[in-house]
Amino acid sequence: MKNENLFDVISYLENFINDISHESIRNRKIEENKRELQKVLKELKVLKQNDFEFREIGDNLYDGIYISDGDGNTLYVNKAYTRITGIKPEEIVGKNVKEILKEGKLYKNAVTMEVLKSKRQVNSVGVSLRNGKKMLITGSPIFDKQGNIKKVVINNREMTDLLEIRKELDASIDKLKAVEEHHRKNKEEIRHLRNINVRKYDLIGRSQSIKNVYKIIDKVAETDVTVLIYGETGVGKEVVANEIYLKSKRNNAPFIKVNCGAIPSNLIESELFGYEKGAFTGANASGKVGMFELANKGTILLDEIGEMPIEVQSKLLRAIQQKEIIRVGGTKPISLDVRLISSTNKDLKQEVKHGTFREDLYYRLNVIPIYIPPLRTRIEDIDLLTEYFINNFNKQYNKSVNISNLGVDILKQYSWPGNIRELQNIIERMIVITEDNSMISDEQLGNILNINSLNITEFLSKEMGLREIVENIERKTLEKVLAESGSTRKAAKILKVDQSTIVKKAKRLGIKIS
């Protein structure tokens with residue numbers, strides 16, 4: 001193989017030979033030249049040993065290695081390259097990549113020219129025209145001190161076997177569908193047994209965070225303590241308020257819900273506290289009873305409390321402290337017995353700092369805080385919620401639609417910025433557009449949620465080496481088959497390997513086998 005240092009040595013030897021050809025110079029410098037010659041010979045031996053070791057290392061690599069110079073001339077291929085592609089060194093070494101591609105007899109989708117053109121790492125899937133094998137190809141440039149490409153190193157990893165596994169896996173999905181209905185019925189029975197206690201609440205979930213919410217509800221429901229429910233939009237704050245009301249001693253009394261964000265700021269005071277006749281232009285001639293009066297002896301929910309205008313907050317504070325209100329345009333206090341629950345998707349502490357929410361009102365409301373975590377942190381609750389919404393919408397639209405296990409997996413991959421409300425809307429949409437007595441597929445959900453199914457291209461990342469890419473494909477494939485089949489024995493049958501191979505690979509890839 002060519003070596004720049006070796007060229008320097010050869011040049012030196014040529015000059016040296018010219019020098020010693022002159023008798024007078026040779027006589028004067030013979031001892032000096034002898035020492036120089038010994039140094040040269042020593043360097044030549046080192047270079048020869050390095051070249052031997054490089055080839056020995058290269059020929060013992062599992063992956064195929066192809067090396068060209070900065071002009072695309074082939075310098076070296078290792079034994080694995082010949083094993084994978086069927087192309088012998090004498091057929092390719094010394095030839096330019098352009099010449100090889102023009103002939104079109106050896107391979108397709110070479111990346112050498114693309115690396116030389118873009119001066120960056122390039123990934124592709126190549127095909128040997130000699131034996132038809134497909135390879136994962138990664139081409140990497142090596143630069144000299146001036147920033148010019150002096151070498152291109154191509155790594156070839158055979159992927160025919162991986163693609164065959166994928167092909168067999170896709171074919172096996174049809175077989176798995178035949179037993180999916182049986183698995184679904186078994187899971188439904190298990191879910192029913194697990195969720196007997198859960199279903200006493202409309203708040204659905206088995207995650208620890210939701211269990212904590214259940215505990216707080218049980219502790220505060222039978223008291224009249226003021227509760228502040230907070231969390232992102234769509235997490236189910238109103239559902240929690242409903243549970244508190246239904247389990248309280250006031251569950252036979254009125255439950256009045258007020259959305260503070262939906263009432264114009266100039267009307268919210270009169271809506272909450274009512275007004276006397278003639279209180280303002282356009283007012284009802286007989287006056288109006290406010291929401292607090294309607295909730296007397298019962299419970300009032302002030303939803304989106306963070307949207308309440310600052311000027312109304314002082315009157316709400318008085319109502320909480322004095323347990324009485326004064327209608328707009330009135331002078332007579334009206335005593336009330338009302339249990340107060342409020343909810344917000346805002347950080348009220350920050351609103352206090354910004355001066356948009358009264359600090360004294362915040363502490364009055366925040367006696368018992370209940371935080372509802374976002375759905376993205378409650379992945380284990382998604383299957384229960386999905387089942388709940390599917391059953392409800394099937395009844396509503398008189399259908400019998402279900403969802404595949406892979407479909408549920410797709411739902412668990414999504415971040416759910418709209419939380420449970422968004423999940424509910426997605427399920428309703430799928431029930432409406434899906435044919436009766438059929439299955440909501442992972443492909444349908446993936447398209448709607450913009451989540452791709454398992455695809456080879458998603459593993460070809462600049463940040464990943466070939467070993468990581470292949471391991472990622474193996475891990476995803478094995479996880480998918482194990483999840484669908486339910487056992488290593490069935491997974492081995494599907495993938496047409498020994499059960500011990502499945503167990504060893506799972507252990508190596510860090511996949512837990514239940």
# chains A, B, ... in the order shown; residues from 1 in each chain; ligands from 1
$ residues_around --residues "segment 411-424 of chain A" --least-positions-apart "2" --cutoff "6 Å" --atoms "only C-alpha atoms" --output "ChimeraX atom specification"
/A:234-235,375-376,379,408-409,426-427
$ write_last_selection --atoms "N, CA and C atoms" --output "compact mmCIF listing (two decimals), in the first residue's frame"
# COMPACT_ATOMS: atom_id res chain seq x y z
N GLY A 234 -56.22 20.12 29.92
CA GLY A 234 -56.63 18.80 29.44
C GLY A 234 -56.24 17.63 30.30
N VAL A 235 -55.68 17.86 31.51
CA VAL A 235 -55.24 16.73 32.34
C VAL A 235 -56.38 16.12 33.15
N LEU A 375 -50.18 13.83 30.88
CA LEU A 375 -50.31 12.45 30.40
C LEU A 375 -48.98 11.87 29.97
N ARG A 376 -48.07 12.70 29.48
CA ARG A 376 -46.78 12.20 29.00
C ARG A 376 -45.94 11.57 30.11
N ILE A 379 -47.47 7.22 31.26
CA ILE A 379 -47.59 6.33 30.11
C ILE A 379 -48.39 5.07 30.46
N VAL A 408 -51.76 0.86 20.45
CA VAL A 408 -51.58 1.40 21.81
C VAL A 408 -50.13 1.81 22.02
N ASP A 409 -49.19 1.02 21.46
CA ASP A 409 -47.77 1.38 21.58
C ASP A 409 -47.48 2.71 20.92
N ILE A 426 -58.72 12.16 19.74
CA ILE A 426 -58.12 11.25 18.76
C ILE A 426 -58.90 9.94 18.69
N ILE A 427 -59.26 9.38 19.86
CA ILE A 427 -60.02 8.13 19.87
C ILE A 427 -61.38 8.32 19.23
$ residues_around --residues "Ile448 of chain A" --least-positions-apart "5" --cutoff "10 Å" --atoms "only C-alpha atoms" --output "VMD selection string"
chain A and resid 426 430 442 to 443
$ residues_around --residues "segment 317-323 of chain A" --least-positions-apart "6" --cutoff "7 Å" --atoms "only C-alpha atoms" --output "ChimeraX atom specification"
/A:335-337,361
$ closest_residue --among "A:Leu509, A:Leu301, A:Val432, A:Ile84" --to "Ile244 of chain A" --atoms "only C-alpha atoms"
A:Leu301
$ atom_distance --atom1 "atom CA of Arg120 of chain A" --atom2 "atom CA of Asp59 of chain A"
25.7 Å
$ residues_around --residues "segment 61-71 of chain A" --least-positions-apart "3" --cutoff "8 Å" --atoms "only C-alpha atoms" --output "PyMOL selection string"
chain A and resi 57-58+74-84+96+112+116+148-158
$ write_last_selection --atoms "C-alpha atoms" --output "PDB file, in the first residue's frame"
ATOM      1  CA  ILE A  57      -5.564  -5.832  11.497  1.00  0.00           C
ATOM      2  CA  GLY A  58      -7.678  -4.988   8.479  1.00  0.00           C
ATOM      3  CA  THR A  74      -8.735   2.343  -4.817  1.00  0.00           C
ATOM      4  CA  LEU A  75      -5.829   1.610  -2.473  1.00  0.00           C
ATOM      5  CA  TYR A  76      -6.946  -1.305  -0.325  1.00  0.00           C
ATOM      6  CA  VAL A  77      -9.758  -3.749   0.502  1.00  0.00           C
ATOM      7  CA  ASN A  78      -9.675  -6.289   3.330  1.00  0.00           C
ATOM      8  CA  LYS A  79     -10.667  -9.956   3.319  1.00  0.00           C
ATOM      9  CA  ALA A  80     -14.094  -9.211   4.854  1.00  0.00           C
ATOM     10  CA  TYR A  81     -14.825  -6.894   1.915  1.00  0.00           C
ATOM     11  CA  THR A  82     -14.237  -9.791  -0.479  1.00  0.00           C
ATOM     12  CA  ARG A  83     -16.308 -12.129   1.723  1.00  0.00           C
ATOM     13  CA  ILE A  84     -19.249  -9.732   1.810  1.00  0.00           C
ATOM     14  CA  ASN A  96     -10.661   4.740  -9.913  1.00  0.00           C
ATOM     15  CA  THR A 112     -16.867   7.436  -2.166  1.00  0.00           C
ATOM     16  CA  LEU A 116     -15.219  13.515  -1.810  1.00  0.00           C
ATOM     17  CA  ASN A 148      -7.874  18.420   1.784  1.00  0.00           C
ATOM     18  CA  ILE A 149      -9.171  14.865   1.675  1.00  0.00           C
ATOM     19  CA  LYS A 150      -6.232  12.469   1.493  1.00  0.00           C
ATOM     20  CA  LYS A 151      -8.096   9.228   2.129  1.00  0.00           C
ATOM     21  CA  VAL A 152     -11.682   7.922   2.114  1.00  0.00           C
ATOM     22  CA  VAL A 153     -12.459   4.944   4.362  1.00  0.00           C
ATOM     23  CA  ILE A 154     -15.625   2.955   3.622  1.00  0.00           C
ATOM     24  CA  ASN A 155     -17.085   0.536   6.181  1.00  0.00           C
ATOM     25  CA  ASN A 156     -19.379  -2.185   4.800  1.00  0.00           C
ATOM     26  CA  ARG A 157     -21.716  -4.132   7.121  1.00  0.00           C
ATOM     27  CA  GLU A 158     -23.765  -6.926   5.564  1.00  0.00           C
TER      28      GLU A 158
END
$ residues_around --residues "segment 258-271 of chain A" --least-positions-apart "2" --cutoff "12 Å" --atoms "only C-alpha atoms" --output "ChimeraX atom specification"
/A:238,255-256,273-277,279-280,282-284,287-295,299-316,319,325-330,340-346
$ residues_around --residues "Arg206 of chain A" --least-positions-apart "2" --cutoff "7 Å" --atoms "only C-alpha atoms" --output "ChimeraX atom specification"
/A:208,210-211,380-381
$ write_last_selection --atoms "C-alpha atoms" --output "mmCIF file, in the first residue's frame"
data_model
loop_
_atom_site.group_PDB
_atom_site.id
_atom_site.type_symbol
_atom_site.label_atom_id
_atom_site.label_comp_id
_atom_site.auth_asym_id
_atom_site.auth_seq_id
_atom_site.Cartn_x
_atom_site.Cartn_y
_atom_site.Cartn_z
ATOM 1 C CA GLN A 208 -48.432 6.062 41.170
ATOM 2 C CA ILE A 210 -52.779 9.138 40.008
ATOM 3 C CA LYS A 211 -52.923 6.815 43.010
ATOM 4 C CA GLU A 380 -48.923 3.361 32.076
ATOM 5 C CA ASP A 381 -52.373 5.011 32.174
#
$ closest_residue --among "A:Lys167, A:Arg467, A:Lys505, A:Arg378" --to "Ile204 of chain A" --atoms "only C-alpha atoms"
A:Arg378
$ atom_distance --atom1 "atom CA of Tyr397 of chain A" --atom2 "atom CA of Gln444 of chain A"
19.5 Å
$ select_by_dssp --residues "segment 333-414 of chain A" --states "helix (DSSP H, G or I)" --output "compact mmCIF listing (two decimals) with N, CA and C atoms, in the first residue's frame"
# COMPACT_ATOMS: atom_id res chain seq x y z
N LEU A 348 -49.67 30.01 39.81
CA LEU A 348 -50.17 31.18 40.54
C LEU A 348 -49.08 31.87 41.35
N LYS A 349 -48.05 31.13 41.76
CA LYS A 349 -46.93 31.78 42.46
C LYS A 349 -46.26 32.81 41.56
N GLN A 350 -46.08 32.43 40.29
CA GLN A 350 -45.49 33.37 39.33
C GLN A 350 -46.43 34.53 39.05
N GLU A 351 -47.75 34.25 39.01
CA GLU A 351 -48.72 35.32 38.79
C GLU A 351 -48.68 36.31 39.95
N VAL A 352 -48.46 35.81 41.16
CA VAL A 352 -48.32 36.69 42.32
C VAL A 352 -47.10 37.58 42.16
N LYS A 353 -45.97 37.01 41.72
CA LYS A 353 -44.75 37.79 41.52
C LYS A 353 -44.93 38.85 40.44
N HIS A 354 -45.73 38.51 39.42
CA HIS A 354 -45.95 39.45 38.31
C HIS A 354 -47.02 40.49 38.65
N GLU A 359 -51.66 37.91 46.48
CA GLU A 359 -50.96 36.93 47.30
C GLU A 359 -51.85 36.39 48.41
N ASP A 360 -52.62 37.27 49.04
CA ASP A 360 -53.49 36.82 50.14
C ASP A 360 -54.58 35.87 49.62
N LEU A 361 -55.08 36.12 48.39
CA LEU A 361 -56.08 35.23 47.81
C LEU A 361 -55.45 33.88 47.47
N TYR A 362 -54.21 33.92 46.98
CA TYR A 362 -53.51 32.66 46.64
C TYR A 362 -53.43 31.75 47.86
N TYR A 363 -53.06 32.29 49.02
CA TYR A 363 -52.92 31.46 50.21
C TYR A 363 -54.28 30.96 50.72
N ARG A 364 -55.34 31.75 50.47
CA ARG A 364 -56.69 31.31 50.84
C ARG A 364 -57.15 30.13 49.98
N LEU A 365 -56.77 30.17 48.71
CA LEU A 365 -57.18 29.11 47.78
C LEU A 365 -56.33 27.85 47.91
N LEU A 375 -50.18 13.83 30.88
CA LEU A 375 -50.31 12.45 30.40
C LEU A 375 -48.98 11.87 29.97
N ARG A 376 -48.07 12.70 29.48
CA ARG A 376 -46.78 12.20 29.00
C ARG A 376 -45.94 11.57 30.11
N THR A 377 -46.27 11.90 31.37
CA THR A 377 -45.56 11.30 32.51
C THR A 377 -46.33 10.14 33.11
N ILE A 379 -47.47 7.22 31.26
CA ILE A 379 -47.59 6.33 30.11
C ILE A 379 -48.39 5.07 30.46
N GLU A 380 -48.24 4.59 31.69
CA GLU A 380 -48.92 3.36 32.08
C GLU A 380 -50.43 3.53 32.17
N ASP A 381 -50.93 4.77 32.12
CA ASP A 381 -52.37 5.01 32.17
C ASP A 381 -53.03 5.08 30.80
N ILE A 382 -52.21 5.14 29.75
CA ILE A 382 -52.76 5.37 28.41
C ILE A 382 -53.64 4.22 27.95
N ASP A 383 -53.25 2.96 28.24
CA ASP A 383 -54.07 1.83 27.78
C ASP A 383 -55.44 1.82 28.46
N LEU A 384 -55.47 2.18 29.76
CA LEU A 384 -56.76 2.24 30.47
C LEU A 384 -57.65 3.34 29.91
N LEU A 385 -57.07 4.51 29.69
CA LEU A 385 -57.83 5.63 29.16
C LEU A 385 -58.34 5.33 27.75
N THR A 386 -57.47 4.68 26.95
CA THR A 386 -57.85 4.34 25.58
C THR A 386 -59.03 3.37 25.59
N GLU A 387 -58.95 2.35 26.43
CA GLU A 387 -60.05 1.38 26.54
C GLU A 387 -61.34 2.07 26.97
N TYR A 388 -61.23 2.99 27.93
CA TYR A 388 -62.40 3.71 28.44
C TYR A 388 -63.07 4.53 27.33
N PHE A 389 -62.27 5.28 26.57
CA PHE A 389 -62.83 6.12 25.51
C PHE A 389 -63.37 5.29 24.35
N ILE A 390 -62.70 4.19 24.02
CA ILE A 390 -63.18 3.32 22.94
C ILE A 390 -64.56 2.75 23.30
N ASN A 391 -64.71 2.28 24.53
CA ASN A 391 -66.00 1.73 24.96
C ASN A 391 -67.10 2.79 24.91
N ASN A 392 -66.77 4.00 25.38
CA ASN A 392 -67.77 5.07 25.39
C ASN A 392 -68.20 5.47 23.98
N PHE A 393 -67.21 5.64 23.09
CA PHE A 393 -67.55 6.11 21.75
C PHE A 393 -68.16 4.99 20.89
N ASN A 394 -67.81 3.74 21.18
CA ASN A 394 -68.50 2.63 20.50
C ASN A 394 -69.99 2.65 20.83
N LYS A 395 -70.31 2.90 22.10
CA LYS A 395 -71.72 2.99 22.49
C LYS A 395 -72.38 4.21 21.84
N GLN A 396 -71.66 5.32 21.83
CA GLN A 396 -72.23 6.56 21.29
C GLN A 396 -72.54 6.45 19.80
N ASN A 405 -52.64 -3.84 19.56
CA ASN A 405 -51.62 -3.61 20.59
C ASN A 405 -50.55 -2.65 20.10
N LEU A 406 -50.19 -2.77 18.82
CA LEU A 406 -49.20 -1.85 18.25
C LEU A 406 -49.76 -0.43 18.20
N GLY A 407 -51.09 -0.34 18.01
CA GLY A 407 -51.72 0.98 18.03
C GLY A 407 -51.57 1.64 19.39
N VAL A 408 -51.76 0.86 20.45
CA VAL A 408 -51.58 1.40 21.81
C VAL A 408 -50.13 1.81 22.02
N ASP A 409 -49.19 1.02 21.46
CA ASP A 409 -47.77 1.38 21.58
C ASP A 409 -47.48 2.71 20.92
N ILE A 410 -48.13 2.98 19.76
CA ILE A 410 -47.96 4.26 19.09
C ILE A 410 -48.47 5.39 19.99
N LEU A 411 -49.64 5.18 20.63
CA LEU A 411 -50.18 6.19 21.53
C LEU A 411 -49.21 6.49 22.67
N LYS A 412 -48.49 5.47 23.13
CA LYS A 412 -47.57 5.65 24.25
C LYS A 412 -46.30 6.39 23.84
N GLN A 413 -46.03 6.44 22.52
CA GLN A 413 -44.84 7.16 22.04
C GLN A 413 -45.08 8.65 21.88
$ closest_residue --among "A:Leu163, A:Ile173, A:Leu445, A:Ala221" --to "Lys249 of chain A" --atoms "only C-alpha atoms"
A:Ala221
